[in-house]
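The file protein-v1.pdb comes next; it holds PDB, C-alpha atoms (C1' of nucleotides).
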ATOM      1  CA  MET A 117      10.831  12.563  -3.133
ATOM      2  CA  ALA A 118       7.680  12.151  -1.155
ATOM      3  CA  TYR A 119       5.509  10.361  -3.611
ATOM      4  CA  THR A 120       6.863   7.545  -5.675
ATOM      5  CA  LYS A 121       4.982   4.934  -7.532
ATOM      6  CA  LYS A 122       4.196   2.095  -5.169
ATOM      7  CA  ILE A 123       3.006  -0.503  -7.602
ATOM      8  CA  PRO A 124       6.120  -1.450  -9.555
ATOM      9  CA  VAL A 125       6.055  -1.958 -13.257
ATOM     10  CA  ASP A 126       4.376  -5.275 -13.807
ATOM     11  CA  LEU A 127       6.555  -7.597 -15.790
ATOM     12  CA  ASN A 128       4.491 -10.749 -15.550
ATOM     13  CA  CYS A 129       1.962  -9.906 -18.209
ATOM     14  CA  PRO A 130       2.450  -7.695 -21.271
ATOM     15  CA  LEU A 131      -0.996  -6.191 -20.839
ATOM     16  CA  ARG A 132      -0.329  -5.208 -17.270
ATOM     17  CA  LEU A 133       3.125  -3.931 -18.087
ATOM     18  CA  THR A 134       1.513  -1.485 -20.480
ATOM     19  CA  MET A 135      -1.223  -0.621 -18.035
ATOM     20  CA  SER A 136       1.220  -0.035 -15.225
ATOM     21  CA  LEU A 137       2.971   2.572 -17.354
ATOM     22  CA  ILE A 138       0.007   4.488 -18.760
ATOM     23  CA  GLY A 139      -2.893   3.389 -16.630
ATOM     24  CA  SER A 140      -3.009   6.066 -14.003
ATOM     25  CA  LYS A 141      -5.547   8.776 -14.141
ATOM     26  CA  TRP A 142      -3.925  11.414 -16.357
ATOM     27  CA  LYS A 143      -0.983   9.749 -18.054
ATOM     28  CA  SER A 144      -2.753   8.888 -21.265
ATOM     29  CA  CYS A 145      -4.000  12.473 -21.473
ATOM     30  CA  ILE A 146      -0.509  13.846 -20.905
ATOM     31  CA  ILE A 147       0.878  11.663 -23.681
ATOM     32  CA  ASP A 148      -1.954  12.734 -25.941
ATOM     33  CA  GLU A 149      -1.145  16.382 -25.296
ATOM     34  CA  LEU A 150       2.485  15.768 -26.190
ATOM     35  CA  ARG A 151       1.841  13.612 -29.228
ATOM     36  CA  SER A 152       2.544  16.345 -31.765
ATOM     37  CA  GLY A 153       6.158  16.382 -30.681
ATOM     38  CA  GLU A 154       5.941  19.995 -29.621
ATOM     39  CA  PRO A 155       7.305  20.601 -26.151
ATOM     40  CA  ILE A 156       4.905  21.834 -23.500
ATOM     41  CA  ARG A 157       5.663  23.749 -20.369
ATOM     42  CA  PRO A 158       4.044  22.497 -17.177
ATOM     43  CA  SER A 159       1.979  25.644 -16.728
ATOM     44  CA  GLU A 160       0.545  25.165 -20.198
ATOM     45  CA  LEU A 161      -0.233  21.519 -19.498
ATOM     46  CA  HIS A 162      -2.109  22.492 -16.352
ATOM     47  CA  LYS A 163      -4.214  24.844 -18.416
ATOM     48  CA  ARG A 164      -4.986  22.171 -20.967
ATOM     49  CA  LEU A 165      -5.985  19.627 -18.330
ATOM     50  CA  PRO A 166      -7.745  21.890 -15.840
ATOM     51  CA  GLU A 167      -9.598  19.042 -14.156
ATOM     52  CA  ALA A 168      -6.363  17.413 -13.050
ATOM     53  CA  ALA A 169      -4.908  18.485  -9.750
ATOM     54  CA  SER A 170      -1.640  20.123 -10.680
ATOM     55  CA  ARG A 171       0.213  18.166  -8.031
ATOM     56  CA  VAL A 172      -0.831  14.935  -9.692
ATOM     57  CA  LEU A 173       0.273  16.173 -13.076
ATOM     58  CA  ASP A 174       3.685  17.002 -11.635
ATOM     59  CA  ILE A 175       3.983  13.542 -10.142
ATOM     60  CA  GLN A 176       2.802  11.736 -13.228
ATOM     61  CA  LEU A 177       5.130  13.813 -15.399
ATOM     62  CA  LYS A 178       8.000  12.727 -13.223
ATOM     63  CA  GLU A 179       7.008   9.082 -13.472
ATOM     64  CA  LEU A 180       6.696   9.327 -17.238
ATOM     65  CA  VAL A 181      10.180  10.821 -17.363
ATOM     66  CA  ASP A 182      11.520   8.058 -15.115
ATOM     67  CA  ASP A 183       9.970   5.478 -17.421
ATOM     68  CA  GLY A 184      11.544   7.129 -20.460
ATOM     69  CA  LEU A 185       8.258   7.952 -22.160
ATOM     70  CA  ILE A 186       8.764  11.711 -22.038
ATOM     71  CA  GLU A 187      11.795  13.878 -21.403
ATOM     72  CA  LYS A 188      12.288  17.080 -19.535
ATOM     73  CA  THR A 189      14.452  20.052 -20.350
ATOM     74  CA  ILE A 190      15.201  22.596 -17.676
ATOM     75  CA  TYR A 191      16.340  26.017 -18.781
ATOM     76  CA  PRO A 192      18.450  27.722 -16.139
ATOM     77  CA  GLU A 193      16.554  30.969 -16.344
ATOM     78  CA  LEU A 194      14.628  33.139 -13.989
ATOM     79  CA  PRO A 195      11.738  32.848 -13.695
ATOM     80  CA  PRO A 196      12.263  29.109 -14.112
ATOM     81  CA  ARG A 197      11.325  27.440 -17.330
ATOM     82  CA  SER A 198      11.061  23.789 -18.232
ATOM     83  CA  GLU A 199       9.573  21.802 -21.026
ATOM     84  CA  TYR A 200       8.318  18.295 -21.492
ATOM     85  CA  ARG A 201       8.543  16.499 -24.789
ATOM     86  CA  ILE A 202       7.567  13.020 -25.883
ATOM     87  CA  THR A 203      10.423  10.599 -26.563
ATOM     88  CA  PRO A 204      10.652   8.105 -29.442
ATOM     89  CA  LEU A 205       9.736   5.427 -26.921
ATOM     90  CA  GLY A 206       6.714   7.439 -25.847
ATOM     91  CA  MET A 207       5.695   7.822 -29.478
ATOM     92  CA  THR A 208       5.376   4.056 -29.746
ATOM     93  CA  LEU A 209       2.399   4.368 -27.403
ATOM     94  CA  ILE A 210       0.467   6.498 -29.860
ATOM     95  CA  PRO A 211      -1.309   3.561 -31.537
ATOM     96  CA  ILE A 212      -2.686   2.606 -28.125
ATOM     97  CA  ILE A 213      -3.715   6.166 -27.346
ATOM     98  CA  ASP A 214      -5.354   6.425 -30.756
ATOM     99  CA  ALA A 215      -7.260   3.201 -30.288
ATOM    100  CA  MET A 216      -8.522   4.329 -26.879
ATOM    101  CA  LEU A 217      -9.386   7.771 -28.171
ATOM    102  CA  LYS A 218     -11.315   6.391 -31.107
ATOM    103  CA  TRP A 219     -13.162   3.891 -28.962
ATOM    104  CA  GLY A 220     -14.128   6.584 -26.512
ATOM    105  CA  GLU A 221     -15.399   8.803 -29.303
ATOM    106  CA  ASP A 222     -17.285   5.994 -31.016
ATOM    107  CA  HIS A 223     -19.039   4.943 -27.837
ATOM    108  CA  TYR A 224     -19.516   8.253 -26.140
ATOM    109  CA  ASP A 225     -23.245   8.396 -26.922
ATOM    110  CA  LEU A 226     -23.893   4.954 -25.558
ATOM    111  CA  PHE A 227     -22.320   5.694 -22.211
ATOM    112  CA  GLU A 228     -23.705   9.183 -22.111
ATOM    113  CA  LYS A 229     -27.175   7.622 -22.239
ATOM    114  CA  LYS A 230     -26.183   5.043 -19.667
ATOM    115  CA  TYR A 231     -24.337   7.153 -17.142
ATOM    116  CA  GLY A 232     -24.681  10.753 -18.218
ATOM    117  CA  ALA A 233     -26.618  13.357 -16.288
ATOM    118  CA  MET A 234     -30.004  14.351 -17.611
TER     119      MET A 234
ATOM    120  CA  MET B 205     -23.877  -4.835  -3.375
ATOM    121  CA  ALA B 206     -21.045  -3.840  -1.144
ATOM    122  CA  TYR B 207     -18.489  -2.749  -3.664
ATOM    123  CA  THR B 208     -19.511  -0.567  -6.496
ATOM    124  CA  LYS B 209     -17.273   1.458  -8.675
ATOM    125  CA  LYS B 210     -16.743   4.794  -7.002
ATOM    126  CA  ILE B 211     -15.220   6.687  -9.867
ATOM    127  CA  PRO B 212     -18.047   6.974 -12.336
ATOM    128  CA  VAL B 213     -17.551   6.449 -16.018
ATOM    129  CA  ASP B 214     -15.809   9.576 -17.209
ATOM    130  CA  LEU B 215     -17.660  11.242 -20.021
ATOM    131  CA  ASN B 216     -15.569  14.381 -20.288
ATOM    132  CA  CYS B 217     -12.749  12.932 -22.300
ATOM    133  CA  PRO B 218     -12.849   9.998 -24.727
ATOM    134  CA  LEU B 219      -9.529   8.722 -23.449
ATOM    135  CA  ARG B 220     -10.676   8.687 -19.878
ATOM    136  CA  LEU B 221     -14.024   7.196 -20.798
ATOM    137  CA  THR B 222     -12.146   4.237 -22.216
ATOM    138  CA  MET B 223      -9.780   4.083 -19.274
ATOM    139  CA  SER B 224     -12.620   4.225 -16.777
ATOM    140  CA  LEU B 225     -14.089   1.110 -18.375
ATOM    141  CA  ILE B 226     -11.012  -1.063 -18.812
ATOM    142  CA  GLY B 227      -8.383   0.626 -16.661
ATOM    143  CA  SER B 228      -8.711  -1.271 -13.435
ATOM    144  CA  LYS B 229      -6.231  -3.904 -12.499
ATOM    145  CA  TRP B 230      -7.558  -7.037 -14.165
ATOM    146  CA  LYS B 231     -10.225  -5.930 -16.623
ATOM    147  CA  SER B 232      -8.020  -5.916 -19.668
ATOM    148  CA  CYS B 233      -6.817  -9.402 -18.760
ATOM    149  CA  ILE B 234     -10.370 -10.645 -18.334
ATOM    150  CA  ILE B 235     -11.325  -9.291 -21.733
ATOM    151  CA  ASP B 236      -8.245 -10.883 -23.227
ATOM    152  CA  GLU B 237      -9.208 -14.238 -21.751
ATOM    153  CA  LEU B 238     -12.668 -13.940 -23.251
ATOM    154  CA  ARG B 239     -11.582 -12.669 -26.646
ATOM    155  CA  SER B 240     -11.998 -15.990 -28.439
ATOM    156  CA  GLY B 241     -15.723 -15.785 -27.888
ATOM    157  CA  GLU B 242     -15.722 -18.985 -25.874
ATOM    158  CA  PRO B 243     -17.565 -18.680 -22.585
ATOM    159  CA  ILE B 244     -15.564 -19.115 -19.404
ATOM    160  CA  ARG B 245     -16.757 -20.138 -15.992
ATOM    161  CA  PRO B 246     -15.574 -18.034 -13.087
ATOM    162  CA  SER B 247     -13.662 -20.922 -11.535
ATOM    163  CA  GLU B 248     -11.759 -21.369 -14.766
ATOM    164  CA  LEU B 249     -10.993 -17.667 -14.971
ATOM    165  CA  HIS B 250      -9.606 -17.718 -11.449
ATOM    166  CA  LYS B 251      -7.287 -20.507 -12.497
ATOM    167  CA  ARG B 252      -6.111 -18.595 -15.532
ATOM    168  CA  LEU B 253      -5.404 -15.442 -13.559
ATOM    169  CA  PRO B 254      -4.048 -16.902 -10.350
ATOM    170  CA  GLU B 255      -2.384 -13.679  -9.246
ATOM    171  CA  ALA B 256      -5.690 -11.872  -9.075
ATOM    172  CA  ALA B 257      -7.609 -12.031  -5.838
ATOM    173  CA  SER B 258     -10.763 -13.909  -6.723
ATOM    174  CA  ARG B 259     -12.905 -11.335  -4.975
ATOM    175  CA  VAL B 260     -11.578  -8.674  -7.298
ATOM    176  CA  LEU B 261     -12.250 -10.794 -10.342
ATOM    177  CA  ASP B 262     -15.836 -11.273  -9.191
ATOM    178  CA  ILE B 263     -16.274  -7.549  -8.752
ATOM    179  CA  GLN B 264     -14.649  -6.618 -12.018
ATOM    180  CA  LEU B 265     -16.693  -9.231 -13.841
ATOM    181  CA  LYS B 266     -19.824  -7.670 -12.450
ATOM    182  CA  GLU B 267     -18.736  -4.199 -13.514
ATOM    183  CA  LEU B 268     -17.913  -5.431 -16.999
ATOM    184  CA  VAL B 269     -21.380  -6.965 -17.194
ATOM    185  CA  ASP B 270     -22.961  -3.735 -15.960
ATOM    186  CA  ASP B 271     -21.069  -1.829 -18.637
ATOM    187  CA  GLY B 272     -22.244  -4.246 -21.322
ATOM    188  CA  LEU B 273     -18.775  -5.438 -22.261
ATOM    189  CA  ILE B 274     -19.367  -9.043 -21.228
ATOM    190  CA  GLU B 275     -22.477 -11.009 -20.452
ATOM    191  CA  LYS B 276     -23.311 -13.601 -17.887
ATOM    192  CA  THR B 277     -25.397 -16.714 -18.164
ATOM    193  CA  ILE B 278     -26.556 -18.457 -15.026
ATOM    194  CA  TYR B 279     -27.593 -22.080 -15.280
ATOM    195  CA  PRO B 280     -30.065 -23.025 -12.579
ATOM    196  CA  GLU B 281     -28.208 -26.152 -11.594
ATOM    197  CA  LEU B 282     -26.680 -27.544  -8.507
ATOM    198  CA  PRO B 283     -23.850 -27.141  -7.949
ATOM    199  CA  PRO B 284     -24.228 -23.690  -9.457
ATOM    200  CA  ARG B 285     -22.841 -22.974 -12.868
ATOM    201  CA  SER B 286     -22.412 -19.709 -14.686
ATOM    202  CA  GLU B 287     -20.511 -18.501 -17.691
ATOM    203  CA  TYR B 288     -19.137 -15.227 -18.894
ATOM    204  CA  ARG B 289     -18.865 -14.371 -22.544
ATOM    205  CA  ILE B 290     -17.679 -11.299 -24.387
ATOM    206  CA  THR B 291     -20.375  -9.193 -26.058
ATOM    207  CA  PRO B 292     -20.167  -7.545 -29.496
ATOM    208  CA  LEU B 293     -19.541  -4.270 -27.684
ATOM    209  CA  GLY B 294     -16.743  -5.881 -25.707
ATOM    210  CA  MET B 295     -15.244  -7.199 -28.936
ATOM    211  CA  THR B 296     -14.807  -3.642 -30.139
ATOM    212  CA  LEU B 297     -12.185  -3.271 -27.416
ATOM    213  CA  ILE B 298      -9.971  -5.936 -28.924
ATOM    214  CA  PRO B 299      -7.934  -3.493 -31.049
ATOM    215  CA  ILE B 300      -7.020  -1.652 -27.861
ATOM    216  CA  ILE B 301      -6.164  -4.856 -26.036
ATOM    217  CA  ASP B 302      -4.079  -5.972 -29.001
ATOM    218  CA  ALA B 303      -2.197  -2.707 -29.136
ATOM    219  CA  MET B 304      -1.448  -2.869 -25.412
ATOM    220  CA  LEU B 305      -0.471  -6.524 -25.632
ATOM    221  CA  LYS B 306       1.864  -5.920 -28.525
ATOM    222  CA  TRP B 307       3.446  -2.896 -26.870
ATOM    223  CA  GLY B 308       4.027  -4.839 -23.693
ATOM    224  CA  GLU B 309       5.622  -7.684 -25.623
ATOM    225  CA  ASP B 310       7.769  -5.381 -27.724
ATOM    226  CA  HIS B 311       9.088  -3.496 -24.722
ATOM    227  CA  TYR B 312       9.275  -6.256 -22.178
ATOM    228  CA  ASP B 313      13.066  -6.519 -22.370
ATOM    229  CA  LEU B 314      13.588  -2.818 -21.876
ATOM    230  CA  PHE B 315      11.566  -2.696 -18.692
ATOM    231  CA  GLU B 316      12.861  -6.006 -17.522
ATOM    232  CA  LYS B 317      16.332  -4.467 -17.570
ATOM    233  CA  LYS B 318      15.066  -1.342 -15.932
ATOM    234  CA  TYR B 319      12.858  -2.753 -13.211
ATOM    235  CA  GLY B 320      13.263  -6.504 -13.268
ATOM    236  CA  ALA B 321      14.873  -8.564 -10.578
ATOM    237  CA  MET B 322      18.409  -9.744 -11.111
TER     238      MET B 322
ATOM    239  C1'  DT C 155       5.296  47.592  -2.715
ATOM    240  C1'  DC C 156       2.374  44.012  -3.892
ATOM    241  C1'  DA C 157       0.117  40.708  -6.693
ATOM    242  C1'  DA C 158       0.770  37.301 -10.068
ATOM    243  C1'  DG C 159       3.343  34.044 -12.686
ATOM    244  C1'  DT C 160       7.043  30.520 -12.900
ATOM    245  C1'  DA C 161       8.443  25.492 -11.318
ATOM    246  C1'  DT C 162       8.612  22.339  -7.733
ATOM    247  C1'  DG C 163       7.855  19.619  -3.744
ATOM    248  C1'  DG C 164       6.450  18.337   1.353
ATOM    249  C1'  DA C 165       2.718  16.918   4.131
ATOM    250  C1'  DA C 166      -1.835  15.704   5.461
ATOM    251  C1'  DT C 167      -6.049  14.018   4.127
ATOM    252  C1'  DA C 168      -9.558  12.076   1.045
ATOM    253  C1'  DA C 169     -10.923   8.726  -2.076
ATOM    254  C1'  DT C 170     -10.614   4.553  -4.270
ATOM    255  C1'  DT C 171      -9.059   0.006  -5.200
ATOM    256  C1'  DC C 172      -7.205  -4.399  -3.692
ATOM    257  C1'  DT C 173      -6.623  -8.168  -0.467
ATOM    258  C1'  DT C 174      -7.942 -11.303   2.892
ATOM    259  C1'  DC C 175     -11.072 -13.730   5.520
ATOM    260  C1'  DG C 176     -15.182 -15.553   6.457
ATOM    261  C1'  DG C 177     -19.985 -16.990   5.439
ATOM    262  C1'  DT C 178     -24.158 -18.818   2.412
ATOM    263  C1'  DA C 179     -25.877 -23.042   0.093
ATOM    264  C1'  DT C 180     -25.748 -27.527  -2.279
ATOM    265  C1'  DA C 181     -23.660 -31.667  -4.434
ATOM    266  C1'  DT C 182     -20.188 -35.155  -5.075
ATOM    267  C1'  DG C 183     -16.723 -38.426  -3.911
ATOM    268  C1'  DA C 184     -13.537 -40.471  -0.407
TER     269       DA C 184
ATOM    270  C1'  DT D  67     -18.956 -37.745   7.851
ATOM    271  C1'  DC D  68     -15.785 -34.715   5.950
ATOM    272  C1'  DA D  69     -13.182 -32.423   2.540
ATOM    273  C1'  DT D  70     -13.769 -30.387  -1.930
ATOM    274  C1'  DA D  71     -15.931 -27.916  -5.492
ATOM    275  C1'  DT D  72     -19.274 -24.571  -7.180
ATOM    276  C1'  DA D  73     -20.696 -19.349  -7.248
ATOM    277  C1'  DC D  74     -21.235 -15.396  -4.754
ATOM    278  C1'  DC D  75     -21.104 -11.699  -1.416
ATOM    279  C1'  DG D  76     -20.175  -8.900   3.151
ATOM    280  C1'  DA D  77     -16.895  -6.666   5.910
ATOM    281  C1'  DA D  78     -12.564  -5.025   7.527
ATOM    282  C1'  DG D  79      -8.276  -3.463   6.728
ATOM    283  C1'  DA D  80      -4.173  -2.675   3.706
ATOM    284  C1'  DA D  81      -2.324  -0.452  -0.084
ATOM    285  C1'  DT D  82      -2.281   2.858  -3.519
ATOM    286  C1'  DT D  83      -3.628   7.007  -5.850
ATOM    287  C1'  DA D  84      -5.581  11.632  -5.930
ATOM    288  C1'  DT D  85      -6.561  16.097  -3.862
ATOM    289  C1'  DT D  86      -5.715  20.068  -1.290
ATOM    290  C1'  DC D  87      -2.939  23.316   0.910
ATOM    291  C1'  DC D  88       1.186  25.480   1.888
ATOM    292  C1'  DA D  89       6.054  26.656   1.113
ATOM    293  C1'  DT D  90      10.277  28.016  -1.559
ATOM    294  C1'  DA D  91      12.497  31.578  -4.557
ATOM    295  C1'  DC D  92      12.886  34.876  -8.069
ATOM    296  C1'  DT D  93      10.908  38.109 -11.778
ATOM    297  C1'  DT D  94       7.908  41.171 -14.024
ATOM    298  C1'  DG D  95       4.313  44.443 -14.344
ATOM    299  C1'  DA D  96       0.715  47.340 -12.083
TER     300       DA D  96
END

Any chance you could give the structure as structure tokens?
Amino acid sequence: MAYTKKIPVDLNCPLRLTMSLIGSKWKSCIIDELRSGEPIRPSELHKRLPEAASRVLDIQLKELVDDGLIEKTIYPELPPRSEYRITPLGMTLIPIIDAMLKWGEDHYDLFEKKYGAM
Amino acid sequence: MAYTKKIPVDLNCPLRLTMSLIGSKWKSCIIDELRSGEPIRPSELHKRLPEAASRVLDIQLKELVDDGLIEKTIYPELPPRSEYRITPLGMTLIPIIDAMLKWGEDHYDLFEKKYGAM
DNA sequence: TCAAGTATGGAATAATTCTTCGGTATATGA
DNA sequence: TCATATACCGAAGAATTATTCCATACTTGA
């Protein structure tokens, strides 16, 4: 593989351990998309997160699988089909995702005033 | 200033808004250090987070101030003295920090086995 | 036949963040 | 006098992450 995570999981500090697993640009969004438990195919995920470069989604999906937070099922069909699904371990992140989501919603206006375009 | 945040605060998605404010390497740790409400001097903070390059702490402190999450008091003394303190807005992040802290503690062993040194 | 969709990944480049080193200025204590 | 401490910041380069583009290989539908 050409692109593996360079910063290893950070074991020194619980906060940074968590951040090293979900801190990169789209991982929290991926987990949020999978939170219902319903599996999602990569093409569908790309549609739901159109701002993300699809290459990055692929890479971050792989890292999430490697970390055990999501799982992948490949169906040996043609055209190829695969699905990603959140794992029980990944589900334990939902309280964090919820807290971040709520905070972002609650404070959207403030930062929209501060940094938003007129 | 030579080093300003290049990725602007992300207003498109509540999750990424939150991440853009606390997602960089040491910000969540800084907020955690300040959570008691007690002010901390930069020299003290550097001692408490010895793994962080002090230049990065300085920069992230400034960004946190700019975002209104912490505040800075400068005492016009010699030698210079300043203090950082969490703001009420910053305190609203504590549930997120707590959730991340708890998750990291709960799953430390798992990732220690997976990625830790023998 | 040809375009589009499917999943995936290499490679190069861009962008951003982090680290390291040095410099400012002043005071204190050895 | 000299090292240390204080707070801060510039600059260069290293390290990491993100983006873009192209390639594979097969199917279906126009």

Of the candidates D:DA80, D:DC75, D:DT85, D:DT70, which one gets nearest to DA168 of chain C if we count only C-alpha atoms (C1' of nucleotides)?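 Of all the options, D:DT85 lies closest to DA168 of chain C.
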
For chain D versus chain A, which residues have an atom no more than 10 Å away, and what is each residue's nearest atom pair and distance in Å rounded to one decimal, using all atoms listed in the file, chain-then-number order, as JSON lines?
{"residue": "D:DA81", "atom": "C1'", "partner": "A:Lys122", "partner_atom": "CA", "distance": 8.7}
{"residue": "D:DT82", "atom": "C1'", "partner": "A:Lys122", "partner_atom": "CA", "distance": 6.7}
{"residue": "D:DT83", "atom": "C1'", "partner": "A:Ser140", "partner_atom": "CA", "distance": 8.2}
{"residue": "D:DA84", "atom": "C1'", "partner": "A:Val172", "partner_atom": "CA", "distance": 6.9}
{"residue": "D:DT85", "atom": "C1'", "partner": "A:Ala169", "partner_atom": "CA", "distance": 6.6}
{"residue": "D:DT86", "atom": "C1'", "partner": "A:Ala169", "partner_atom": "CA", "distance": 8.6}
{"residue": "D:DA91", "atom": "C1'", "partner": "A:Pro195", "partner_atom": "CA", "distance": 9.3}
{"residue": "D:DC92", "atom": "C1'", "partner": "A:Pro195", "partner_atom": "CA", "distance": 6.1}
{"residue": "D:DT93", "atom": "C1'", "partner": "A:Pro195", "partner_atom": "CA", "distance": 5.7}
{"residue": "D:DT94", "atom": "C1'", "partner": "A:Pro195", "partner_atom": "CA", "distance": 9.2}

Neighbour residues at most 12 Å from (-23.7, 11.6, -20.8) (all atoms listed in the file) as a PyMOL selection string: (chain A and resi 223-234) or (chain B and resi 212-218+221)

In Å, how far is it from atom CA of Leu137 of chain A to atom C1' of DA161 of chain C? 24.3 Å

Taking the point (-12.2, -19.6, -15.2) as given in the file, collect each protein or nucleic acid residue that comes within 12 Å of it, counting all atoms listed in the file, and present the set as a list in words.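 Answer for this query, in the requested form: Ile234, Glu237, Leu238, Glu242, Pro243, Ile244, Arg245, Pro246, Ser247, Glu248, Leu249, His250, Lys251, Arg252, Leu253, Pro254, Ala256, Ser258, Leu261, Asp262, Leu265, Arg285, Ser286, Glu287, Tyr288 and Arg289 of chain B; DT72 and DA73 of chain D.
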
Output file for the selection above: C-alpha atoms (C1' of nucleotides), as a JSON list (two decimals), keeping the file's coordinate frame:
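File part.json, as written:
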[["chain", "number", "residue", "atom", "x", "y", "z"],
["B", 234, "ILE", "CA", -10.37, -10.64, -18.33],
["B", 237, "GLU", "CA", -9.21, -14.24, -21.75],
["B", 238, "LEU", "CA", -12.67, -13.94, -23.25],
["B", 242, "GLU", "CA", -15.72, -18.98, -25.87],
["B", 243, "PRO", "CA", -17.57, -18.68, -22.58],
["B", 244, "ILE", "CA", -15.56, -19.11, -19.40],
["B", 245, "ARG", "CA", -16.76, -20.14, -15.99],
["B", 246, "PRO", "CA", -15.57, -18.03, -13.09],
["B", 247, "SER", "CA", -13.66, -20.92, -11.54],
["B", 248, "GLU", "CA", -11.76, -21.37, -14.77],
["B", 249, "LEU", "CA", -10.99, -17.67, -14.97],
["B", 250, "HIS", "CA", -9.61, -17.72, -11.45],
["B", 251, "LYS", "CA", -7.29, -20.51, -12.50],
["B", 252, "ARG", "CA", -6.11, -18.60, -15.53],
["B", 253, "LEU", "CA", -5.40, -15.44, -13.56],
["B", 254, "PRO", "CA", -4.05, -16.90, -10.35],
["B", 256, "ALA", "CA", -5.69, -11.87, -9.07],
["B", 258, "SER", "CA", -10.76, -13.91, -6.72],
["B", 261, "LEU", "CA", -12.25, -10.79, -10.34],
["B", 262, "ASP", "CA", -15.84, -11.27, -9.19],
["B", 265, "LEU", "CA", -16.69, -9.23, -13.84],
["B", 285, "ARG", "CA", -22.84, -22.97, -12.87],
["B", 286, "SER", "CA", -22.41, -19.71, -14.69],
["B", 287, "GLU", "CA", -20.51, -18.50, -17.69],
["B", 288, "TYR", "CA", -19.14, -15.23, -18.89],
["B", 289, "ARG", "CA", -18.86, -14.37, -22.54],
["D", 72, "DT", "C1'", -19.27, -24.57, -7.18],
["D", 73, "DA", "C1'", -20.70, -19.35, -7.25]]

Residue with the minimum atom-to-atom distance to Gln264 of chain B, picked from B:Leu219, B:Met295, B:Ile278, B:Ile226 with all atoms listed in the file counted, is B:Ile226

Minimum-distance residue to chain A, chosen among C:DA179, C:DA166, C:DG159, C:DA184 (using all atoms listed in the file): C:DG159

Could you give me, as JSON lines, a per-residue list for chain A showing, wherever an atom lies at most 6 Å from an atom of chain B, the closest pair of atoms and their distance in Å to one decimal, using only C-alpha atoms and sorting by chain then residue number from low to high?
{"residue": "A:Pro130", "atom": "CA", "partner": "B:Gly308", "partner_atom": "CA", "distance": 4.1}
{"residue": "A:Leu131", "atom": "CA", "partner": "B:Leu305", "partner_atom": "CA", "distance": 4.8}
{"residue": "A:Leu133", "atom": "CA", "partner": "B:Gly308", "partner_atom": "CA", "distance": 5.8}
{"residue": "A:Thr134", "atom": "CA", "partner": "B:Gly308", "partner_atom": "CA", "distance": 5.3}
{"residue": "A:Ile212", "atom": "CA", "partner": "B:Ala303", "partner_atom": "CA", "distance": 5.4}
{"residue": "A:Ala215", "atom": "CA", "partner": "B:Ile300", "partner_atom": "CA", "distance": 5.4}
{"residue": "A:Met216", "atom": "CA", "partner": "B:Leu219", "partner_atom": "CA", "distance": 5.7}
{"residue": "A:Leu217", "atom": "CA", "partner": "B:Leu219", "partner_atom": "CA", "distance": 4.8}
{"residue": "A:Gly220", "atom": "CA", "partner": "B:Pro218", "partner_atom": "CA", "distance": 4.1}
{"residue": "A:Glu221", "atom": "CA", "partner": "B:Pro218", "partner_atom": "CA", "distance": 5.4}

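Under the PyMOL selection byres ((chain C) within 12 of (chain B)), the matching residues in the shown file are DA169, DT170, DT171, DC172, DT173, DT174, DC175, DA179, DT180, DA181 and DT182 of chain C.
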
Writer output for current selection, C-alpha atoms (C1' of nucleotides), as a tab-separated table (two decimals), keeping the file's coordinate frame:
chain	number	residue	atom	x	y	z
C	169	DA	C1'	-10.92	8.73	-2.08
C	170	DT	C1'	-10.61	4.55	-4.27
C	171	DT	C1'	-9.06	0.01	-5.20
C	172	DC	C1'	-7.20	-4.40	-3.69
C	173	DT	C1'	-6.62	-8.17	-0.47
C	174	DT	C1'	-7.94	-11.30	2.89
C	175	DC	C1'	-11.07	-13.73	5.52
C	179	DA	C1'	-25.88	-23.04	0.09
C	180	DT	C1'	-25.75	-27.53	-2.28
C	181	DA	C1'	-23.66	-31.67	-4.43
C	182	DT	C1'	-20.19	-35.16	-5.08

If you apply the PyMOL selection byres ((chain D and resi 96) around 10) to this file, what residues do you get, as a list in words? DC156 and DA157 of chain C; DT94 and DG95 of chain D

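The spacing separating atom C1' of DG163 of chain C from atom CA of Asp182 of chain A amounts to 16.6 Å.
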
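Relative to atom CA of Ile235 of chain B, atom C1' of DG76 of chain D is found at 26.4 Å.
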
Could you model N, CA and C atoms for segment 209-214 of chain A and present them as an mmCIF file, in the coordinates of the input?
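Output contents, as saved in part_12.cif:
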data_model
loop_
_atom_site.group_PDB
_atom_site.id
_atom_site.type_symbol
_atom_site.label_atom_id
_atom_site.label_comp_id
_atom_site.auth_asym_id
_atom_site.auth_seq_id
_atom_site.Cartn_x
_atom_site.Cartn_y
_atom_site.Cartn_z
ATOM 1 N N LEU A 209 3.686 4.578 -28.086
ATOM 2 C CA LEU A 209 2.399 4.368 -27.403
ATOM 3 C C LEU A 209 1.227 4.974 -28.174
ATOM 4 N N ILE A 210 1.541 5.775 -29.169
ATOM 5 C CA ILE A 210 0.467 6.498 -29.860
ATOM 6 C C ILE A 210 -0.606 5.584 -30.470
ATOM 7 N N PRO A 211 -0.239 4.440 -31.046
ATOM 8 C CA PRO A 211 -1.309 3.561 -31.537
ATOM 9 C C PRO A 211 -2.301 3.159 -30.444
ATOM 10 N N ILE A 212 -1.788 2.961 -29.233
ATOM 11 C CA ILE A 212 -2.686 2.606 -28.125
ATOM 12 C C ILE A 212 -3.579 3.799 -27.783
ATOM 13 N N ILE A 213 -2.957 4.956 -27.660
ATOM 14 C CA ILE A 213 -3.715 6.166 -27.346
ATOM 15 C C ILE A 213 -4.790 6.406 -28.414
ATOM 16 N N ASP A 214 -4.386 6.238 -29.661
ATOM 17 C CA ASP A 214 -5.354 6.425 -30.756
ATOM 18 C C ASP A 214 -6.511 5.456 -30.659
#
